[in-house]
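Participant: Below is the file work.cif, which contains mmCIF, C-alpha atoms.
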```
data_work
#
loop_
_atom_site.label_atom_id
_atom_site.label_comp_id
_atom_site.auth_asym_id
_atom_site.auth_seq_id
_atom_site.Cartn_x
_atom_site.Cartn_y
_atom_site.Cartn_z
CA MET A 112 136.24 107.98 108.28
CA THR A 113 137.31 104.93 110.30
CA ALA A 114 134.51 102.51 111.08
CA VAL A 115 133.15 102.79 114.61
CA THR A 116 131.53 100.24 116.85
CA ALA A 117 127.85 99.97 116.01
CA ASP A 118 125.31 101.26 118.52
CA PRO A 119 122.46 98.69 118.54
CA ARG A 120 119.95 101.45 119.30
CA LEU A 121 120.48 102.98 115.86
CA ILE A 122 118.35 101.36 113.15
CA VAL A 123 119.11 102.62 109.66
CA GLY A 124 116.11 102.67 107.33
CA LEU A 125 116.99 101.28 103.91
CA ASP A 126 114.49 103.50 102.12
CA LEU A 127 116.11 102.95 98.75
CA PRO A 128 114.57 102.17 95.34
CA SER A 129 116.15 98.76 94.73
CA ILE A 130 117.61 95.78 96.53
CA ASP A 131 120.92 96.31 94.77
CA ALA A 132 121.08 99.87 96.11
CA ALA A 133 120.19 98.67 99.61
CA ARG A 134 122.79 95.91 99.52
CA ALA A 135 125.43 98.40 98.36
CA MET A 136 124.52 100.73 101.24
CA VAL A 137 124.84 97.90 103.77
CA ASP A 138 128.24 97.02 102.33
CA ARG A 139 129.29 100.67 102.51
CA LEU A 140 128.24 101.01 106.16
CA GLY A 141 129.88 97.73 107.13
CA VAL A 142 130.25 96.97 110.82
CA SER A 143 129.35 100.55 111.80
CA VAL A 144 125.61 99.72 111.64
CA SER A 145 124.15 96.57 113.17
CA ALA A 146 120.41 97.11 112.62
CA TYR A 147 118.31 97.88 109.56
CA LYS A 148 114.68 98.66 108.77
CA ILE A 149 113.28 97.32 105.52
CA GLY A 150 110.05 98.98 104.43
CA LEU A 151 107.33 98.19 101.94
CA THR A 152 109.17 99.43 98.87
CA LEU A 153 111.87 96.78 99.23
CA LEU A 154 109.72 94.07 100.81
CA ALA A 155 107.31 94.25 97.85
CA ARG A 156 110.06 93.75 95.29
CA PRO A 157 110.99 90.26 94.04
CA GLY A 158 113.63 89.02 96.46
CA GLY A 159 112.81 91.65 99.07
CA VAL A 160 111.99 89.24 101.87
CA ALA A 161 114.98 87.08 100.87
CA PHE A 162 117.16 90.18 101.24
CA ALA A 163 115.80 90.70 104.77
CA HIS A 164 116.73 87.10 105.59
CA GLU A 165 120.15 87.64 104.02
CA LEU A 166 120.85 90.53 106.38
CA ARG A 167 119.71 88.51 109.37
CA THR A 168 121.96 85.62 108.38
CA ALA A 169 124.82 88.12 108.26
CA GLY A 170 124.16 88.93 111.92
CA LYS A 171 122.18 92.15 111.51
CA LEU A 172 119.05 92.97 113.49
CA VAL A 173 116.29 93.19 110.90
CA PHE A 174 113.13 95.26 111.31
CA GLN A 175 110.51 94.27 108.70
CA ASP A 176 108.24 97.30 108.55
CA TRP A 177 105.12 95.70 107.07
CA LYS A 178 102.64 97.78 109.09
CA LEU A 179 100.13 94.94 108.81
CA HIS A 180 96.52 96.14 108.84
CA ASP A 181 93.67 93.75 108.07
CA ILE A 182 91.09 91.61 109.81
CA GLY A 183 92.48 89.68 112.75
CA ALA A 184 92.62 86.31 110.98
CA GLN A 185 94.62 87.71 108.06
CA VAL A 186 97.06 89.51 110.35
CA GLU A 187 97.44 86.33 112.40
CA GLY A 188 98.40 84.36 109.29
CA ALA A 189 100.74 87.05 107.98
CA ALA A 190 102.46 87.56 111.34
CA ARG A 191 102.97 83.81 111.66
CA ALA A 192 104.47 83.63 108.17
CA VAL A 193 106.87 86.51 108.81
CA ALA A 194 107.88 85.14 112.21
CA GLU A 195 108.46 81.64 110.85
CA GLY A 196 110.66 83.08 108.12
CA GLY A 197 112.86 84.84 110.66
CA CYS A 198 112.44 88.45 111.72
CA ASP A 199 113.60 90.47 114.74
CA LEU A 200 111.02 93.30 114.70
CA LEU A 201 107.66 93.38 112.90
CA THR A 202 105.15 96.24 112.76
CA VAL A 203 101.36 96.11 112.74
CA HIS A 204 98.88 98.93 113.13
CA ALA A 205 97.83 99.66 116.70
CA GLU A 206 94.23 98.48 116.57
CA PRO A 207 93.22 95.87 119.16
CA GLN A 208 91.91 93.29 116.67
CA VAL A 209 95.03 93.65 114.57
CA MET A 210 97.39 93.44 117.53
CA ARG A 211 95.69 90.39 119.03
CA GLY A 212 95.88 88.62 115.68
CA ALA A 213 99.58 89.42 115.39
CA VAL A 214 100.31 88.09 118.88
CA ARG A 215 98.44 84.85 118.12
CA GLY A 216 100.35 84.41 114.86
CA ARG A 217 103.76 85.10 116.36
CA ASP A 218 103.07 82.79 119.31
CA ALA A 219 101.89 80.00 116.99
CA ALA A 220 105.21 80.32 115.15
CA GLY A 221 107.12 79.78 118.39
CA SER A 222 109.30 82.70 117.35
CA ASP A 223 111.20 85.37 119.26
CA THR A 224 110.03 88.05 116.80
CA ARG A 225 109.11 91.19 118.71
CA LEU A 226 105.90 92.89 117.66
CA LEU A 227 105.65 96.67 117.43
CA ALA A 228 102.37 98.59 117.25
CA VAL A 229 102.40 101.64 114.99
CA THR A 230 100.57 104.34 116.95
CA VAL A 231 100.35 107.51 114.81
CA LEU A 232 102.55 107.95 111.73
CA THR A 233 105.23 110.58 112.28
CA SER A 234 104.27 112.25 109.00
CA LEU A 235 100.88 113.22 110.51
CA SER A 236 100.25 116.47 112.37
CA ASP A 237 97.17 117.24 114.49
CA ALA A 238 95.73 119.05 111.47
CA ASP A 239 96.24 115.94 109.34
CA LEU A 240 94.47 113.79 111.93
CA ALA A 241 91.55 116.21 112.00
CA GLU A 242 91.34 116.05 108.21
CA ILE A 243 91.18 112.25 108.40
CA GLY A 244 88.33 112.52 110.90
CA TYR A 245 89.94 111.92 114.28
CA ALA A 246 88.79 114.18 117.10
CA ALA A 247 91.88 113.53 119.24
CA GLY A 248 95.30 114.98 118.61
CA ALA A 249 98.44 112.91 118.18
CA GLY A 250 99.40 112.91 121.84
CA ALA A 251 96.03 111.61 123.04
CA MET A 252 95.83 109.01 120.28
CA VAL A 253 99.30 107.71 120.97
CA GLU A 254 98.55 107.38 124.69
CA ARG A 255 95.39 105.39 124.03
CA ARG A 256 97.15 103.11 121.57
CA VAL A 257 100.09 102.52 123.90
CA ARG A 258 97.67 101.41 126.60
CA GLN A 259 95.95 99.07 124.12
CA ALA A 260 99.28 97.68 122.93
CA LEU A 261 100.22 96.86 126.51
CA ASP A 262 96.85 95.19 127.08
CA CYS A 263 97.21 93.11 123.91
CA GLY A 264 100.66 91.79 124.85
CA MET A 265 102.68 93.65 122.25
CA ASP A 266 106.44 94.01 122.71
CA GLY A 267 106.54 97.72 121.97
CA VAL A 268 105.28 100.63 119.94
CA VAL A 269 106.42 102.93 117.18
CA SER A 270 105.81 106.55 118.07
CA SER A 271 107.36 109.92 117.41
CA PRO A 272 110.03 111.22 119.79
CA LEU A 273 107.50 113.75 121.11
CA GLU A 274 105.38 110.95 122.59
CA ALA A 275 108.25 108.69 123.70
CA ALA A 276 108.33 109.92 127.30
CA ARG A 277 104.63 109.24 127.86
CA ALA A 278 104.87 105.82 126.19
CA CYS A 279 107.82 104.91 128.39
CA ALA A 280 105.99 106.08 131.53
CA LEU A 281 102.90 104.03 130.69
CA ALA A 282 105.03 100.94 130.14
CA GLU A 283 106.83 101.42 133.45
CA ALA A 284 103.50 101.85 135.25
CA ALA A 285 102.30 98.59 133.67
CA GLY A 286 105.37 96.75 134.95
CA ARG A 287 106.89 96.47 131.46
CA PRO A 288 110.33 98.08 131.63
CA ASP A 289 111.29 95.88 128.65
CA PHE A 290 108.62 97.51 126.45
CA LEU A 291 110.23 98.94 123.31
CA VAL A 292 109.64 102.52 122.19
CA VAL A 293 110.96 102.78 118.65
CA THR A 294 111.08 106.29 117.27
CA PRO A 295 111.22 107.34 113.63
CA GLY A 296 111.13 111.07 112.97
CA VAL A 297 114.70 111.39 114.27
CA ARG A 298 116.78 114.09 112.65
CA PRO A 299 120.33 115.13 113.59
CA GLU A 300 120.94 118.83 114.25
CA GLY A 301 120.53 120.80 111.02
CA ALA A 302 119.05 117.95 108.96
CA GLU A 303 116.09 118.57 106.66
CA LEU A 304 112.73 117.36 108.00
CA GLY A 305 111.49 115.85 104.72
CA ASP A 306 107.91 114.60 105.19
CA GLN A 307 108.26 114.26 108.96
CA GLN A 308 106.18 116.46 111.25
CA ARG A 309 106.91 115.35 114.83
CA VAL A 310 110.69 115.15 115.16
CA ALA A 311 113.61 115.37 117.59
CA THR A 312 117.37 114.90 117.56
CA PRO A 313 118.81 111.47 118.43
CA ARG A 314 119.88 112.60 121.91
CA GLU A 315 116.50 114.18 122.62
CA ALA A 316 114.66 111.02 121.54
CA LEU A 317 116.72 108.75 123.77
CA ARG A 318 116.47 111.08 126.74
CA ALA A 319 112.70 111.12 126.28
CA GLY A 320 112.55 107.35 126.62
CA ALA A 321 113.13 105.87 123.16
CA SER A 322 114.74 102.44 123.16
CA HIS A 323 115.65 102.56 119.45
CA LEU A 324 116.01 105.26 116.80
CA VAL A 325 115.07 104.81 113.16
CA VAL A 326 117.09 107.07 110.86
CA ALA A 327 116.92 106.85 107.08
CA ARG A 328 117.61 109.86 104.87
CA PRO A 329 120.14 111.59 107.16
CA VAL A 330 122.34 108.51 106.68
CA ILE A 331 121.49 106.95 103.31
CA ALA A 332 121.19 110.28 101.47
CA ALA A 333 124.33 111.75 103.02
CA GLN A 334 127.39 112.38 100.88
CA ASP A 335 129.28 110.27 103.40
CA PRO A 336 126.81 107.71 104.86
CA LEU A 337 129.45 106.06 107.02
CA GLY A 338 130.43 109.39 108.49
CA ALA A 339 126.79 110.32 109.08
CA ALA A 340 126.10 107.05 110.91
CA ALA A 341 129.27 107.45 112.95
CA ALA A 342 128.29 111.01 113.91
CA ILE A 343 124.88 109.85 115.15
CA ALA A 344 126.47 107.00 117.12
CA ALA A 345 128.92 109.46 118.68
CA SER A 346 126.12 111.89 119.56
CA ILE A 347 124.23 109.24 121.58
CA ALA A 348 127.21 107.60 123.25
CA GLY A 349 126.60 107.61 126.97
CA VAL A 350 122.96 108.67 126.69
CA VAL A 351 120.78 106.26 128.67
CA ARG A 352 117.03 105.74 128.48
#
```
Please, can you express the file's structure as structure tokens?

Facilitator:
Amino acid sequence: MTAVTADPRLIVGLDLPSIDAARAMVDRLGVSVSAYKIGLTLLARPGGVAFAHELRTAGKLVFQDWKLHDIGAQVEGAARAVAEGGCDLLTVHAEPQVMRGAVRGRDAAGSDTRLLAVTVLTSLSDADLAEIGYAAGAGAMVERRVRQALDCGMDGVVSSPLEAARACALAEAAGRPDFLVVTPGVRPEGAELGDQQRVATPREALRAGASHLVVARPVIAAQDPLGAAAAIAASIAGVVR
């Protein structure tokens, strides 16, 4: 399939077992994808952070999905280190102490890194949350954490497509139309769900208020990854938030 113009709202998750495999996938996708998420599996490997910087130097938007979660001082130091190294999007868990630490660290770095608060993992159902010990369901928890993220000065949140509309509405009410709502758990029509519980199609997610879509397996595990990415880009062409 001929390469298509990249849609910057599509972030492809490089959930692959090695840096060599990830680099080969980026080469295969070429100019058709302009944004990538790098998760813990790759970041933890020798050269993983260097690979993230390599992609950024090549002009890609890079989302380092660290999901930082520690005492405020540690998160502050880690966020500063990541921001100073160069990073477009960085995730931390949506707890007030954690988020405030991340904001302090990023600001101390003088960086334009945008901080995303992970609300409730898209692999968790209401039953899973109850098993953990939470009384609230996913919808109520996400709403509370979006409000806290706004109060803490975060740049956006990560939430499932099912909560994107409420997150977007809360941001608009707070006077933050620039607030990012990044949605994993996005599956094209007919794709397998894998370990995701709260999902939607790319068009549904954007119409609900998502600013960016994170898609991994439906692209990187496809027989034709370039074709899969192109099909997603075509399916969201003209869809506005």

Participant: Using all atoms listed in the file, find each residue of stretch 145-168 of chain A with at least one atom at most 12 Å away from an atom of stretch 189-198 of chain A; report its shortest atom-to-atom pair and that distance in Å (one decimal), sort the rows by chain and rising residue number, and return the result as CSV.

Facilitator:
```
residue,atom,partner,partner_atom,distance
A:Ala146,CA,A:Cys198,CA,11.8
A:Tyr147,CA,A:Cys198,CA,11.3
A:Lys148,CA,A:Cys198,CA,10.9
A:Ile149,CA,A:Cys198,CA,10.9
A:Leu154,CA,A:Val193,CA,11.4
A:Val160,CA,A:Gly196,CA,8.9
A:Ala161,CA,A:Gly196,CA,9.3
A:Phe162,CA,A:Cys198,CA,11.6
A:Ala163,CA,A:Cys198,CA,8.0
A:His164,CA,A:Gly197,CA,6.8
A:Glu165,CA,A:Gly197,CA,10.3
A:Leu166,CA,A:Cys198,CA,10.2
A:Arg167,CA,A:Cys198,CA,7.6
A:Thr168,CA,A:Gly197,CA,9.4
```

Participant: Tell me which of A:Ala348, A:Val123, A:Ala278, A:Leu153 sits closest to A:Arg258, counting all atoms listed in the file.

Facilitator: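 Of all the options, A:Ala278 lies closest to A:Arg258.
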
Participant: What does the distance from atom CA of A:Asp289 to atom CA of A:Val137 come to in Å, to one decimal?

Facilitator: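 Separation between atom CA of A:Asp289 and atom CA of A:Val137: 28.4 Å.
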
Participant: Between A:Ala275, A:Leu125, A:Leu227, A:Cys263, which residue has the minimum interatomic distance to A:Leu140, considering only C-alpha atoms?

Facilitator: A:Leu125

Participant: Could you build a table of the residues in stretch 150-267 of chain A lying no more than 12 Å from stretch 323-328 of chain A, giving for each the nearest pair of atoms and their separation in Å rounded to one decimal place, using all atoms listed in the file, ordered by chain and ascending residue number, as a tab-separated table?

Facilitator:
```
residue	atom	partner	partner_atom	distance
A:Gly150	CA	A:Ala327	CA	10.8
A:Leu172	CA	A:His323	CA	11.8
A:Val173	CA	A:Val325	CA	11.9
A:Phe174	CA	A:Val325	CA	9.9
A:Asp176	CA	A:Val325	CA	11.1
A:Leu200	CA	A:His323	CA	11.4
A:Leu227	CA	A:His323	CA	11.8
A:Thr233	CA	A:Val325	CA	11.4
A:Gly267	CA	A:His323	CA	10.6
```

Participant: In Å, with one decimal, what is the gap from atom CA of A:Leu337 to atom CA of A:Pro119?

Facilitator: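 So the two atoms, atom CA of A:Leu337 and atom CA of A:Pro119, lie 15.4 Å apart.
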
Participant: Which residues are close to A:Ala319, i.e. within 6 Å by all atoms listed in the file, leaving aside same-chain residues fewer than 2 positions away? Reply as a list in words.

Facilitator: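 Counting all atoms listed in the file, the residues come to Ala275, Ala276, Ala316 and Leu317 of chain A.
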
Participant: From the set A:Glu254, A:Asp237, A:Asp181, A:Glu315, which residue has the shortest atom-to-atom contact distance to A:Val269, counting all atoms listed in the file?

Facilitator: A:Glu254
